[in-house]
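Coordinates as given in coords-v6.cif (mmCIF, C-alpha atoms):
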data_my_file
#
loop_
_atom_site.group_PDB
_atom_site.id
_atom_site.type_symbol
_atom_site.label_atom_id
_atom_site.label_comp_id
_atom_site.auth_asym_id
_atom_site.auth_seq_id
_atom_site.Cartn_x
_atom_site.Cartn_y
_atom_site.Cartn_z
ATOM 1 C CA MET A 1 0.181 87.602 25.584
ATOM 2 C CA ASP A 2 -3.408 87.486 24.303
ATOM 3 C CA ASP A 3 -3.592 83.834 23.345
ATOM 4 C CA ARG A 4 -7.264 83.547 22.378
ATOM 5 C CA ASP A 5 -6.369 83.172 18.690
ATOM 6 C CA PHE A 6 -3.467 80.775 19.291
ATOM 7 C CA LEU A 7 -4.104 77.279 17.928
ATOM 8 C CA PRO A 8 -3.339 74.561 20.521
ATOM 9 C CA LEU A 9 -0.700 72.063 19.356
ATOM 10 C CA ALA A 10 -2.941 69.077 20.120
ATOM 11 C CA TYR A 11 -5.476 70.335 17.596
ATOM 12 C CA LEU A 12 -2.795 70.416 14.918
ATOM 13 C CA ASN A 13 -2.505 66.670 15.505
ATOM 14 C CA ALA A 14 -6.297 66.370 15.086
ATOM 15 C CA TRP A 15 -6.160 68.452 11.869
ATOM 16 C CA GLU A 16 -3.633 66.147 10.229
ATOM 17 C CA TYR A 17 -5.464 63.026 11.435
ATOM 18 C CA CYS A 18 -8.762 64.278 9.992
ATOM 19 C CA PRO A 19 -9.875 67.853 9.187
ATOM 20 C CA ARG A 20 -13.453 66.928 10.051
ATOM 21 C CA ARG A 21 -12.371 65.677 13.491
ATOM 22 C CA PHE A 22 -10.480 68.951 13.979
ATOM 23 C CA TYR A 23 -13.654 70.882 13.129
ATOM 24 C CA TRP A 24 -15.804 68.831 15.504
ATOM 25 C CA GLU A 25 -13.331 69.191 18.372
ATOM 26 C CA TYR A 26 -11.834 72.669 17.958
ATOM 27 C CA VAL A 27 -14.625 74.635 16.313
ATOM 28 C CA LEU A 28 -17.688 72.891 17.767
ATOM 29 C CA GLY A 29 -16.160 71.738 21.088
ATOM 30 C CA GLU A 30 -17.276 68.105 20.816
ATOM 31 C CA MET A 31 -15.180 65.660 22.812
ATOM 32 C CA VAL A 32 -15.952 61.990 23.353
ATOM 33 C CA ASP A 33 -13.890 59.342 25.103
ATOM 34 C CA ASN A 34 -13.344 55.900 23.649
ATOM 35 C CA GLU A 35 -10.887 53.112 24.510
ATOM 36 C CA HIS A 36 -8.046 54.849 22.601
ATOM 37 C CA ILE A 37 -8.550 58.168 24.435
ATOM 38 C CA LEU A 38 -8.848 56.460 27.822
ATOM 39 C CA MET A 39 -5.741 54.321 27.225
ATOM 40 C CA GLY A 40 -3.748 57.389 26.117
ATOM 41 C CA ARG A 41 -4.839 59.270 29.226
ATOM 42 C CA HIS A 42 -3.911 56.288 31.412
ATOM 43 C CA LEU A 43 -0.448 55.979 29.833
ATOM 44 C CA HIS A 44 0.166 59.731 30.241
ATOM 45 C CA ARG A 45 -0.613 59.690 33.971
ATOM 46 C CA ASN A 46 3.081 59.459 34.941
ATOM 47 C CA ILE A 47 4.250 62.290 32.686
ATOM 48 C CA ASN A 48 1.435 64.789 33.231
ATOM 49 C CA GLU A 49 3.156 66.324 36.247
ATOM 50 C CA VAL A 50 5.328 69.407 35.836
ATOM 51 C CA GLU A 51 8.795 68.323 36.880
ATOM 52 C CA VAL A 52 12.443 69.117 36.220
ATOM 53 C CA ARG A 53 14.979 66.387 36.873
ATOM 54 C CA VAL A 54 18.624 65.813 36.110
ATOM 55 C CA GLU A 55 19.865 62.490 34.731
ATOM 56 C CA GLY A 56 23.619 62.560 34.203
ATOM 57 C CA ASP A 57 24.423 65.505 31.928
ATOM 58 C CA ARG A 58 20.790 65.871 30.770
ATOM 59 C CA THR A 59 18.076 68.040 32.273
ATOM 60 C CA ILE A 60 14.544 66.849 31.551
ATOM 61 C CA HIS A 61 11.636 69.271 31.711
ATOM 62 C CA GLN A 62 8.266 67.501 31.847
ATOM 63 C CA GLN A 63 5.131 69.322 30.691
ATOM 64 C CA GLN A 64 6.990 72.239 29.113
ATOM 65 C CA TRP A 65 4.700 75.125 28.068
ATOM 66 C CA VAL A 66 5.667 76.707 24.693
ATOM 67 C CA TRP A 67 4.179 79.096 22.139
ATOM 68 C CA SER A 68 5.035 80.852 18.909
ATOM 69 C CA ASP A 69 4.004 84.451 18.366
ATOM 70 C CA ARG A 70 4.918 84.118 14.679
ATOM 71 C CA LEU A 71 2.809 80.998 14.010
ATOM 72 C CA ARG A 72 0.194 81.724 16.696
ATOM 73 C CA VAL A 73 0.301 78.222 18.172
ATOM 74 C CA LYS A 74 0.705 77.147 21.786
ATOM 75 C CA GLY A 75 0.778 74.036 23.867
ATOM 76 C CA ILE A 76 2.580 71.725 26.207
ATOM 77 C CA ILE A 77 5.399 69.408 25.154
ATOM 78 C CA ASP A 78 5.351 66.177 27.172
ATOM 79 C CA ALA A 79 9.101 66.481 27.822
ATOM 80 C CA VAL A 80 12.131 68.432 26.666
ATOM 81 C CA GLU A 81 15.602 66.993 27.173
ATOM 82 C CA CYS A 82 18.419 69.544 27.400
ATOM 83 C CA GLN A 83 22.052 68.585 27.074
ATOM 84 C CA GLY A 84 24.342 71.588 26.735
ATOM 85 C CA ASP A 85 22.787 73.757 24.020
ATOM 86 C CA ARG A 86 20.926 70.817 22.417
ATOM 87 C CA TRP A 87 17.165 70.670 22.993
ATOM 88 C CA VAL A 88 15.123 67.569 22.122
ATOM 89 C CA PRO A 89 11.316 67.761 22.378
ATOM 90 C CA ILE A 90 9.630 64.452 23.209
ATOM 91 C CA GLU A 91 6.011 63.397 22.877
ATOM 92 C CA TYR A 92 4.480 60.228 24.323
ATOM 93 C CA LYS A 93 1.876 58.341 22.278
ATOM 94 C CA LYS A 94 -0.041 55.160 22.980
ATOM 95 C CA GLY A 95 0.274 53.502 19.563
ATOM 96 C CA ARG A 96 3.088 51.822 17.678
ATOM 97 C CA MET A 97 5.893 53.344 15.642
ATOM 98 C CA ALA A 98 4.940 54.126 12.040
ATOM 99 C CA LYS A 99 4.567 57.109 9.731
ATOM 100 C CA HIS A 100 2.064 58.994 11.887
ATOM 101 C CA PHE A 101 2.311 62.396 10.226
ATOM 102 C CA ASN A 102 -0.208 63.858 12.678
ATOM 103 C CA ASP A 103 2.258 63.075 15.482
ATOM 104 C CA PHE A 104 5.194 64.401 13.428
ATOM 105 C CA PHE A 105 3.392 67.715 12.762
ATOM 106 C CA GLN A 106 2.527 68.164 16.430
ATOM 107 C CA LEU A 107 6.142 67.478 17.445
ATOM 108 C CA CYS A 108 7.574 69.739 14.735
ATOM 109 C CA ALA A 109 5.214 72.586 15.689
ATOM 110 C CA ALA A 110 6.334 72.181 19.305
ATOM 111 C CA ALA A 111 9.966 72.381 18.169
ATOM 112 C CA LEU A 112 9.248 75.552 16.161
ATOM 113 C CA CYS A 113 7.761 77.082 19.312
ATOM 114 C CA LEU A 114 10.751 75.972 21.373
ATOM 115 C CA GLU A 115 13.170 77.431 18.808
ATOM 116 C CA GLU A 116 11.376 80.771 18.983
ATOM 117 C CA ARG A 117 11.513 80.760 22.787
ATOM 118 C CA THR A 118 15.174 79.652 23.132
ATOM 119 C CA GLY A 119 16.820 81.012 19.972
ATOM 120 C CA GLU A 120 18.430 77.577 19.476
ATOM 121 C CA ALA A 121 18.072 75.438 16.334
ATOM 122 C CA ILE A 122 16.440 72.073 17.023
ATOM 123 C CA GLU A 123 17.440 69.323 14.611
ATOM 124 C CA TYR A 124 15.136 66.525 15.746
ATOM 125 C CA GLY A 125 12.637 65.350 18.296
ATOM 126 C CA GLU A 126 11.486 61.959 19.480
ATOM 127 C CA ILE A 127 8.158 60.229 19.966
ATOM 128 C CA PHE A 128 7.939 57.470 22.536
ATOM 129 C CA TYR A 129 5.359 54.929 21.388
ATOM 130 C CA HIS A 130 4.005 52.808 24.239
ATOM 131 C CA GLY A 131 2.946 50.087 21.793
ATOM 132 C CA ASN A 132 6.606 49.291 21.004
ATOM 133 C CA ARG A 133 8.161 50.817 24.140
ATOM 134 C CA ARG A 134 10.613 52.605 21.820
ATOM 135 C CA ARG A 135 11.444 56.109 20.704
ATOM 136 C CA GLN A 136 11.141 57.131 17.082
ATOM 137 C CA ARG A 137 13.451 59.927 15.974
ATOM 138 C CA VAL A 138 11.802 62.620 13.830
ATOM 139 C CA GLU A 139 14.192 64.812 11.842
ATOM 140 C CA PHE A 140 12.977 68.397 11.440
ATOM 141 C CA THR A 141 13.822 68.641 7.760
ATOM 142 C CA PRO A 142 13.059 71.798 5.774
ATOM 143 C CA GLN A 143 10.214 69.858 4.116
ATOM 144 C CA LEU A 144 8.642 68.826 7.450
ATOM 145 C CA ARG A 145 8.976 72.372 8.793
ATOM 146 C CA CYS A 146 7.331 73.827 5.676
ATOM 147 C CA THR A 147 4.531 71.244 5.665
ATOM 148 C CA THR A 148 3.909 71.826 9.373
ATOM 149 C CA GLU A 149 3.624 75.579 8.869
ATOM 150 C CA GLN A 150 1.237 74.984 5.949
ATOM 151 C CA ALA A 151 -0.881 72.663 8.127
ATOM 152 C CA ILE A 152 -1.065 75.350 10.829
ATOM 153 C CA GLU A 153 -2.295 77.893 8.280
ATOM 154 C CA GLN A 154 -4.788 75.429 6.740
ATOM 155 C CA ALA A 155 -6.198 74.546 10.172
ATOM 156 C CA ARG A 156 -6.508 78.215 11.083
ATOM 157 C CA THR A 157 -8.317 78.952 7.789
ATOM 158 C CA ALA A 158 -10.677 75.975 8.249
ATOM 159 C CA VAL A 159 -12.096 77.527 11.410
ATOM 160 C CA ASP A 160 -14.024 80.097 9.352
ATOM 161 C CA ARG A 161 -15.333 77.645 6.770
ATOM 162 C CA SER A 162 -18.046 75.010 6.772
ATOM 163 C CA MET A 163 -17.393 71.559 8.165
ATOM 164 C CA PRO A 164 -15.107 69.439 5.946
ATOM 165 C CA PRO A 165 -16.527 66.225 4.456
ATOM 166 C CA PRO A 166 -15.613 62.853 5.954
ATOM 167 C CA ILE A 167 -12.223 61.472 4.938
ATOM 168 C CA GLU A 168 -11.951 58.293 2.890
ATOM 169 C CA THR A 169 -9.568 56.526 5.302
ATOM 170 C CA ARG A 170 -12.111 54.253 6.936
ATOM 171 C CA SER A 171 -9.622 52.820 9.458
ATOM 172 C CA LYS A 172 -9.200 56.309 10.941
ATOM 173 C CA CYS A 173 -12.988 56.656 11.159
ATOM 174 C CA ARG A 174 -13.252 53.236 12.818
ATOM 175 C CA ASP A 175 -10.795 54.252 15.560
ATOM 176 C CA CYS A 176 -12.134 57.798 16.036
ATOM 177 C CA SER A 177 -13.901 58.643 19.286
ATOM 178 C CA LEU A 178 -16.251 60.982 17.390
ATOM 179 C CA GLN A 179 -17.527 58.368 14.934
ATOM 180 C CA ASN A 180 -21.045 58.293 16.446
ATOM 181 C CA ILE A 181 -21.336 62.080 16.231
ATOM 182 C CA CYS A 182 -19.591 62.575 12.899
ATOM 183 C CA LEU A 183 -21.422 59.694 11.153
ATOM 184 C CA PRO A 184 -18.902 59.483 8.285
ATOM 185 C CA LYS A 185 -20.457 56.410 6.652
ATOM 186 C CA GLU A 186 -23.915 57.936 6.658
ATOM 187 C CA VAL A 187 -22.682 61.322 5.415
ATOM 188 C CA ARG A 188 -20.725 59.682 2.578
ATOM 189 C CA TYR A 189 -23.859 57.727 1.631
ATOM 190 C CA LEU A 190 -26.000 60.874 1.549
ATOM 191 C CA GLN A 191 -23.354 62.712 -0.486
ATOM 192 C CA ARG A 192 -23.442 59.931 -3.103
ATOM 193 C CA GLN A 193 -27.247 60.150 -3.269
ATOM 194 C CA SER A 194 -27.305 63.874 -4.040
#

Written as structure tokens, how would this file's structure read?
Amino acid sequence: MDDRDFLPLAYLNAWEYCPRRFYWEYVLGEMVDNEHILMGRHLHRNINEVEVRVEGDRTIHQQQWVWSDRLRVKGIIDAVECQGDRWVPIEYKKGRMAKHFNDFFQLCAAALCLEERTGEAIEYGEIFYHGNRRRQRVEFTPQLRCTTEQAIEQARTAVDRSMPPPIETRSKCRDCSLQNICLPKEVRYLQRQS
């Protein structure tokens, strides 16, 4: 498999969070740590090991590598629980449960990859949010699947274009590790002046 043109699943999360962040990270290769990145890395330390374990009638595969030849995406799912012919992809995130569509898209894309690899339909996945210490179930509805595939295509197309403008969601900019490189406030100011 020549995977040089396969979009990593983690960058799909970045695309939905902010197209400009995606461009900085994926196209330009800029990565900066902040407290959110460091905390996420710290919380992932126990699940970043490849492992297969059995708990009752479930088999849990940690750090499961998947890809889709059709969508040209690839990545690692934090965990996949298998019970009979039912597969449930699981991602671990540092925040709190909410409507984090960037997380939903990443999880759905992982499920689409897993479906292609196994031939099994996957109805839902789960995201474990450390902030609540709970799992949030994400149904893979036809709408979410379609929107995820559209996001993959939009992200792929953005690679060959100029950098997107800053988003208007200032809370995302405030929490972004790339804020001091991206300079969204300053760029928005200059855009208004021209």

Once you count all atoms listed in the file, which residues end up no further than 9 Å from (-7.0, 61.9, 14.3) in the file's frame, shown as an mmCIF file with C-alpha atoms, in the frame of the given file?
data_model
loop_
_atom_site.group_PDB
_atom_site.id
_atom_site.type_symbol
_atom_site.label_atom_id
_atom_site.label_comp_id
_atom_site.auth_asym_id
_atom_site.auth_seq_id
_atom_site.Cartn_x
_atom_site.Cartn_y
_atom_site.Cartn_z
ATOM 1 C CA ASN A 13 -2.505 66.670 15.505
ATOM 2 C CA ALA A 14 -6.297 66.370 15.086
ATOM 3 C CA TRP A 15 -6.160 68.452 11.869
ATOM 4 C CA GLU A 16 -3.633 66.147 10.229
ATOM 5 C CA TYR A 17 -5.464 63.026 11.435
ATOM 6 C CA CYS A 18 -8.762 64.278 9.992
ATOM 7 C CA PRO A 19 -9.875 67.853 9.187
ATOM 8 C CA ARG A 21 -12.371 65.677 13.491
ATOM 9 C CA PHE A 22 -10.480 68.951 13.979
ATOM 10 C CA ASN A 102 -0.208 63.858 12.678
ATOM 11 C CA LYS A 172 -9.200 56.309 10.941
ATOM 12 C CA CYS A 173 -12.988 56.656 11.159
ATOM 13 C CA ASP A 175 -10.795 54.252 15.560
ATOM 14 C CA CYS A 176 -12.134 57.798 16.036
#

Next on the checklist: the PyMOL selection byres ((chain A and resi 81-98) around 10) - which residues does that actually catch in the file I just gave you? List them as a PyMOL selection string.
Outcome noted: chain A and resi 36-37+39-44+47+52-64+76-80+99-101+103-104+106-108+110-111+114-115+118+120-138

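Each of A:Asn180, A:Leu144, A:Asp5, A:Met163 was compared to A:Asp69 using only C-alpha atoms, and A:Asp5 turns out to be the nearest.
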
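In this model, the gap between atom CA of A:Ile152 and atom CA of A:Glu186 comes to 29.0 Å.
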
Next on the checklist: Env of A:Arg161: 12 Å cut, atoms = all atoms listed in the file, seq-sep filter 5 positions within chain, self excluded. Answer as number ranges by chain.
Outcome noted: A: 19-20, 23, 27, 154-156

Where's the centre, and what are the edge lengths in Å to one decimal, of a box along x, y and z enclosing all listed atoms of stretch 119-134 of chain A padded 4 Å per side, as lines of an AutoDock Vina configuration file?
center_x = 10.7
center_y = 65.2
center_z = 19.4
size_x = 23.5
size_y = 39.7
size_z = 17.6
